[in-house]
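Q: My structure is below; once you've seen it, I'll send some questions.
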Amino acid sequence: MFRPYLSSQRPVPARFLFAVLALLLSFTSNAQTKTVTVYGLVQGFNQKPLEAATVSVLSVSKSANGRSDTLRVNGITNADGVFSLKATPTNDMYLQISQVGHETYWEPLLYLAGTDRINAGQIVLREAVKALDNVVVTAKKPFMQLGVDRRIFNAEANINSRGGTAVDLMRNIPALSVDASGNVQLRNSTPTIFVDGRPTILTLEQIPSDDIDKVEVITNPSSKYDAGSTGGIINIVLKKNRRNGMNGTVSAGIGHPEVANGSLSINYRQGKINFFASGNYNRSGGVATSEASRINKKNGTVTDYFNQVSETDRNRRFMSARIGIDYFWDEQNAISVSQGFTDGSFKSLETQDQEYADAAGTLTKTGTRINEDEFGFNRRTTQVNYRRTYNKPGKEWTADFTYSGGNNSGFSNIANRLFNPDGSPQGNPNLVRNEGMGDGSQYTFQTDYVNPISENSKLELGVRSYHNISNDKLDVLSLANGTATKLPLSNNYGFREMVNAVYANYSNTLGTKWKYQGGLRIEQSSFEGELKDSARQFGYNYPGKGSDIWKSIFPSLYLTYEIKEGQDLQFNFTRRIRRPNFWQINPYVDITDPQNIRVGNPTLQPEFTNSFEANYNRTYEKGNILISSYFRNNTDDITQYSDTISQQALENLNNAAVSPNALLTTFINAERTNRMGLEIAWQHKFKEGFDITPSFNAQYRDVKANVNGLNLSNTGFNWDAEITANYKIIRPSSKLFNNFAFQLNAEYESPRVIPQGREKAQASMDFAIRKELLKNNAGTIIFNISDVFNSRIRGSITETDNFYQDSYRRWSVRTFRLTFSYRFGNKDLQIFKRRDGGGDGEGRE
């Protein structure tokens, strides 16, 4: 039967919250002289059993200051939505039931003398659509939630990425774009990637999407976060499970081309101890194509033409495992320890056809290039997290240590052959072998303290120390005439990076409408790189001298004005730093493509960003909308730069199968880049089972750069749009069609300017079908198609006085995947013998 609600929602007293926290951390005894059992069934607004809802029996009386509540007992519902609590009977008992995304249920209980059981019946909680600290919460987590300083994307709600990697998930997140190499950009800038709030040496392709709980996108991070996040922060939060008993999920999938994946996650919670473990296997393949057409010039006159077409057969495989334990030794202290392992190998075989023509377009020669590449790696991550809470709500102290380390090794064999127009060989083939290995370690120490000084004000303090150590060695050998000769582009390279930081944030209110948060972060940073064979050293150190002190100070300010309930305006400013990454400064010469050579710049310096945002956020009954305008001023902007290869560089690459008219791409510090943009993100639920999440971003970019007298300045406008639509069939009378869910994700990116040209437009679409089945919907079958029209292609046009090049690259191809997953669990399973003998413990942790 349905139970009525009170006309107004009752606030939850602070002491009740403390009681719930104490319940989660330890078992309590409720043995009484005389007890009555209160039991019932709780369902969500979707008519399904509601697991882990908080159920409380209270005594309510009137006091001089208003209502006074006394907690008798509380617990949680089991997997079937059932609860059973034993409480001391009174004449003023009330039943309270709460769950995130639902309205709180509140109903008096009628106790008849002499009875020992009270049947509360079948209780259905209503859906709550409201803002909690500007985060939209519903019973079933929506794909997108809006926070004060971030957007939160629920990975479970995105069925297009199931069975894939973090790259597949990023492609379906509004405002993010993924290039041909799997690199992510946020508002056309490179964001900092965190895993559980800490740096990682894992790439996105090495993180299974099924391991991800949510992705937090922070467009303009406050002083609390690492200042080296000019392009924003993407924080990948891994799944954590702390429900009582034994539970877990197992899944397996197959697909085309050469797709296979499987995973197992298991969790056991009893009393003060929580164990968790997970393992994943992921394999994918496919043949990706790329093309390039170039016109070479001299003094504005065409000298020759070049075309190439490549097909790369890729096979990627990796395995990961994670194990850990949480220990809650009392109500206020908890420690977590986890260990992760990742192992994988990437193999590829590239076949390239080349055509060379003179100024008249007459074929002068052709060429073929075969590149066999194999790369293996292993990674390990250790985390130790300590948390202490206090009796004061919101006050806490945390201390964390994270270690990430691993090594890699690989080789490639390159064979380049040239032919005359009649097909006869032109000279001897160029044979090159690359052999490389390396290792790296990252250490992060961090402690944070949060103290709510009053109801409206809060102080946050923190200290962080980050250390990154890397060593790599690459030998490049020419195999001409059967003799192995080490080439000058061989590289023996190492670096040490350190960032020490302290920060303080303070937030408060001004009147009834304004809120503010101000912060200051001070960072000491250094980078020490060395080319070991030549003893050449390079790097930076801030603040190295008094004039550099501004390069170590990073303020932030947030102002929020509440127009009315559900509507607010926010203005914010931050200053950030972007430090060059490994590949941008490593002077390793990548000759995989003989016509498009890449090399790092060891003298590259960090860039600095002054970022301004104005946001309008509105939450309404069926969704929310966020409108953002932003301006970013990047000084010393790290920018990609291409030019034809010099004669000296060509001589250094002798016998390395490199074309004399190859392009050499590296990185430079532009004078500045300004970006101005408007972004709209909207989420709307039309009816039960149907919702859409469209987004739109428009940006004007102004680049000012000059290299060796060459003006690389450029301006231009670009925009992109994306939409995710979800539809679920809710028809309980039909076992076949009920719980069928469909998801469609489509995106379009317009052309955008780069310093020497523009990137081409791109459009793509993903589609997925999901069916829940078996008892309690424990089983799920998902069929998805990634890149439905096989159109996910990254193209660019580069133009200078010396050449014009039109090219595109593909990293992945259209993929079909079928995945089955099954949830299992036993809430009553107990491995360790209970020491407390009081009560039956039904419905409690």
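Letters for chains follow the order of the structure tokens (A, B, ...), residue numbers begin at 1 for each chain, and ligand numbers begin at 1 in the order shown.
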Neighbouring residues of region 335-345 of chain A were defined as those with any atom within 7 Å, considering only C-alpha atoms; residues of the same chain fewer than 6 positions away were excluded. Please report them as a ChimeraX atom specification.
A: /A:316-328,375-387
Q: Identify, on the basis of only C-alpha atoms, every residue whose closest approach to Ala357 (chain A) does not exceed 7 Å; exclude the query and any residue fewer than 2 positions from it along the same chain; express the result as number ranges by chain.
A: A: 304-306, 355, 359, 361-364
Q: Could those selected residues go to a file with N, CA and C atoms, as a PDB file, in the first residue's frame?
A:
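Just written: result.pdb:
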ATOM      1  N   ASP A 304      57.690  20.283 -56.495  1.00  0.00           N
ATOM      2  CA  ASP A 304      57.347  18.869 -56.671  1.00  0.00           C
ATOM      3  C   ASP A 304      56.120  18.532 -55.842  1.00  0.00           C
ATOM      4  N   TYR A 305      55.617  17.299 -56.041  1.00  0.00           N
ATOM      5  CA  TYR A 305      54.428  16.801 -55.341  1.00  0.00           C
ATOM      6  C   TYR A 305      54.764  15.484 -54.650  1.00  0.00           C
ATOM      7  N   PHE A 306      54.004  15.225 -53.592  1.00  0.00           N
ATOM      8  CA  PHE A 306      54.201  13.958 -52.871  1.00  0.00           C
ATOM      9  C   PHE A 306      52.859  13.488 -52.314  1.00  0.00           C
ATOM     10  N   GLU A 355      54.177   8.148 -53.569  1.00  0.00           N
ATOM     11  CA  GLU A 355      54.309   8.609 -54.952  1.00  0.00           C
ATOM     12  C   GLU A 355      55.014   9.966 -54.963  1.00  0.00           C
ATOM     13  N   ALA A 359      57.406  19.086 -60.797  1.00  0.00           N
ATOM     14  CA  ALA A 359      56.542  20.270 -60.823  1.00  0.00           C
ATOM     15  C   ALA A 359      55.449  20.165 -61.865  1.00  0.00           C
ATOM     16  N   GLY A 361      53.884  17.416 -62.518  1.00  0.00           N
ATOM     17  CA  GLY A 361      52.993  16.326 -62.121  1.00  0.00           C
ATOM     18  C   GLY A 361      53.385  14.996 -62.707  1.00  0.00           C
ATOM     19  N   THR A 362      54.572  14.897 -63.290  1.00  0.00           N
ATOM     20  CA  THR A 362      55.045  13.638 -63.870  1.00  0.00           C
ATOM     21  C   THR A 362      55.660  12.761 -62.789  1.00  0.00           C
ATOM     22  N   LEU A 363      55.244  11.512 -62.752  1.00  0.00           N
ATOM     23  CA  LEU A 363      55.739  10.578 -61.744  1.00  0.00           C
ATOM     24  C   LEU A 363      57.242  10.377 -61.922  1.00  0.00           C
ATOM     25  N   THR A 364      58.001  10.566 -60.827  1.00  0.00           N
ATOM     26  CA  THR A 364      59.453  10.384 -60.884  1.00  0.00           C
ATOM     27  C   THR A 364      59.906   9.123 -60.161  1.00  0.00           C
TER      28      THR A 364
END
Q: CA of Asn428 (chain A) and CA of Ile370 (chain A) are how many Å apart?
A: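 About the pair CA of Asn428 (chain A) and CA of Ile370 (chain A): they are 14.9 Å apart.
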Q: So that I can see what lies close to Lys513 (chain A), please list as a list in words the residues with an atom at most 9 Å from it, counting only C-alpha atoms and leaving out residues fewer than 6 positions away in the same chain.
A: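 The neighbour list is Thr560, Tyr561, Glu562, Ile563 and Lys564 of chain A.
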Q: Give me, please, the distance in Å between CA of Ser229 (chain A) and CA of Thr609 (chain A), quoted to one decimal.
A: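 Calculated distance between CA of Ser229 (chain A) and CA of Thr609 (chain A) is 9.3 Å.
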Q: I'd like the interatomic distance between CA of Pro421 (chain A) and CA of Gln352 (chain A), to a tenth of an Å.
A: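 Computing it gives 16.9 Å between the two atoms.
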Q: For Lys771 (chain A), which of A:Asn738, A:Ser263, A:Ser441, A:Thr635 is the closest residue, counting only C-alpha atoms?
A: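 For Lys771 (chain A), the nearest of the given residues is A:Asn738.
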Q: I want to know what sits within 12 Å of Phe740 (chain A), based on only C-alpha atoms, with residues of the same chain fewer than 4 positions away left out; could you give that as a VMD selection string?
A: chain A and resid 689 to 690 726 to 732 734 to 736 768 to 773 777 780 to 783
Q: Would you mind listing what lies within 8 Å of Phe608 (chain A) as a list in words, with only C-alpha atoms counted and same-chain residues fewer than 2 positions away left out?
A: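 Once the adjacent positions are removed, what remains is Thr230, Arg575, Arg576, Ile577, Arg578, Pro606, Asn610, Asn634, Thr635, Asp636 and Asp637 of chain A.
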Q: Store the residues picked out above, limited to N, CA and C atoms, as an mmCIF file, in the first residue's frame.
A:
data_model
loop_
_atom_site.group_PDB
_atom_site.id
_atom_site.type_symbol
_atom_site.label_atom_id
_atom_site.label_comp_id
_atom_site.auth_asym_id
_atom_site.auth_seq_id
_atom_site.Cartn_x
_atom_site.Cartn_y
_atom_site.Cartn_z
ATOM 1 N N THR A 230 46.391 23.944 -16.681
ATOM 2 C CA THR A 230 45.940 25.075 -17.496
ATOM 3 C C THR A 230 44.697 24.742 -18.302
ATOM 4 N N ARG A 575 44.486 31.506 -11.996
ATOM 5 C CA ARG A 575 45.750 31.563 -12.721
ATOM 6 C C ARG A 575 46.393 30.193 -12.618
ATOM 7 N N ARG A 576 46.867 29.649 -13.761
ATOM 8 C CA ARG A 576 47.398 28.287 -13.812
ATOM 9 C C ARG A 576 48.716 28.250 -14.579
ATOM 10 N N ILE A 577 49.360 27.103 -14.540
ATOM 11 C CA ILE A 577 50.599 26.869 -15.266
ATOM 12 C C ILE A 577 50.499 25.536 -16.004
ATOM 13 N N ARG A 578 51.030 25.478 -17.215
ATOM 14 C CA ARG A 578 51.094 24.228 -17.970
ATOM 15 C C ARG A 578 52.557 23.903 -18.228
ATOM 16 N N PRO A 606 57.419 26.357 -19.571
ATOM 17 C CA PRO A 606 55.994 26.285 -19.206
ATOM 18 C C PRO A 606 55.207 27.474 -19.754
ATOM 19 N N ASN A 610 45.710 32.870 -17.581
ATOM 20 C CA ASN A 610 44.757 33.628 -16.780
ATOM 21 C C ASN A 610 43.374 33.301 -17.328
ATOM 22 N N ASN A 634 46.663 32.795 -22.621
ATOM 23 C CA ASN A 634 47.832 31.925 -22.435
ATOM 24 C C ASN A 634 49.083 32.668 -22.877
ATOM 25 N N THR A 635 50.013 32.856 -21.959
ATOM 26 C CA THR A 635 51.301 33.429 -22.314
ATOM 27 C C THR A 635 52.332 32.312 -22.433
ATOM 28 N N ASP A 636 53.276 32.472 -23.373
ATOM 29 C CA ASP A 636 54.254 31.408 -23.674
ATOM 30 C C ASP A 636 53.533 30.115 -24.042
ATOM 31 N N ASP A 637 52.477 30.250 -24.816
ATOM 32 C CA ASP A 637 51.626 29.110 -25.158
ATOM 33 C C ASP A 637 52.425 28.011 -25.864
#
Q: Can you pull out the residues contacting Gln185 (chain A)? Cut-off 9 Å, using only C-alpha atoms, and skip same-chain residues under 5 positions away; I want them as a VMD selection string.
A: chain A and resid 175 to 179 190 to 191 231
Q: Taking C-alpha atoms for each residue, export the selection above as an mmCIF file, in the first residue's frame.
A:
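Below is the file that was written, again-v7.cif:
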data_model
loop_
_atom_site.group_PDB
_atom_site.id
_atom_site.type_symbol
_atom_site.label_atom_id
_atom_site.label_comp_id
_atom_site.auth_asym_id
_atom_site.auth_seq_id
_atom_site.Cartn_x
_atom_site.Cartn_y
_atom_site.Cartn_z
ATOM 1 C CA ALA A 175 32.911 19.445 -24.186
ATOM 2 C CA LEU A 176 35.628 16.790 -24.598
ATOM 3 C CA SER A 177 37.175 15.846 -27.926
ATOM 4 C CA VAL A 178 39.509 12.938 -28.667
ATOM 5 C CA ASP A 179 42.086 13.125 -31.448
ATOM 6 C CA THR A 190 44.953 19.766 -23.079
ATOM 7 C CA PRO A 191 43.570 18.935 -19.595
ATOM 8 C CA GLY A 231 43.540 23.131 -19.699
#
Q: So which one's closest to Asn674 (chain A), A:Arg814, A:Gln332, A:Leu744, A:Asn188? Using only C-alpha atoms, please.
A: A:Asn188
Q: Report as a VMD selection string: the residues of region 361-422 of chain A with a DSSP assignment of strand (DSSP E), based on the backbone of this structure.
A: chain A and resid 363 to 389 396 to 419
Q: Hey, could you make a per-residue contact list for region 250-297 of chain A against region 795-798 of chain A with 12 Å as the cut-off, showing the nearest pair of atoms and its distance in Å to one decimal, counting only C-alpha atoms, sorted by chain and number, as JSON lines?
A:
{"residue": "A:Thr289", "atom": "CA", "partner": "A:Gly795", "partner_atom": "CA", "distance": 11.8}
{"residue": "A:Ser290", "atom": "CA", "partner": "A:Gly795", "partner_atom": "CA", "distance": 9.2}
{"residue": "A:Glu291", "atom": "CA", "partner": "A:Gly795", "partner_atom": "CA", "distance": 9.1}
{"residue": "A:Ala292", "atom": "CA", "partner": "A:Gly795", "partner_atom": "CA", "distance": 9.4}
{"residue": "A:Ser293", "atom": "CA", "partner": "A:Ile797", "partner_atom": "CA", "distance": 9.7}
{"residue": "A:Arg294", "atom": "CA", "partner": "A:Thr798", "partner_atom": "CA", "distance": 9.3}
{"residue": "A:Ile295", "atom": "CA", "partner": "A:Thr798", "partner_atom": "CA", "distance": 10.6}
{"residue": "A:Asn296", "atom": "CA", "partner": "A:Thr798", "partner_atom": "CA", "distance": 11.7}
Q: Write out as an MDAnalysis selection string the residues lying within 10 Å of Phe789 (chain A), counting only C-alpha atoms and excluding same-chain residues fewer than 4 positions away.
A: chainID A and resid 763:766 785 813:814
Q: Check the smallest atom-to-atom distance from each of A:Glu216, A:Pro580, A:Leu663, A:Phe527 to Asn601 (chain A) using only C-alpha atoms, then report the winner.
A: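 Going through A:Glu216, A:Pro580, A:Leu663, A:Phe527 one by one, the smallest distance to Asn601 (chain A) is for A:Pro580.
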Q: Restricting the calculation to only C-alpha atoms: of A:Ile207, A:Ala288, A:Ala746, A:Val499, which residue gets closest to Arg809 (chain A)?
A: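 Closest candidate: A:Ala288.
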Q: Determine which residues of region 601-801 of chain A receive a DSSP assignment of alpha helix (DSSP H), computed from the backbone, and state them as a PyMOL selection string.
A: chain A and resi 647-652
Q: Residues as selected, C-alpha atoms, written as a short mmCIF file (atom, residue, chain, number, x, y, z; two decimals), in the first residue's frame, can you do that?
A:
data_model
loop_
_atom_site.label_atom_id
_atom_site.label_comp_id
_atom_site.auth_asym_id
_atom_site.auth_seq_id
_atom_site.Cartn_x
_atom_site.Cartn_y
_atom_site.Cartn_z
CA GLN A 647 70.10 19.87 -44.47
CA GLN A 648 71.98 19.45 -41.18
CA ALA A 649 69.14 17.46 -39.63
CA LEU A 650 68.90 15.34 -42.76
CA GLU A 651 72.61 14.51 -42.57
CA ASN A 652 72.17 13.45 -38.93
#
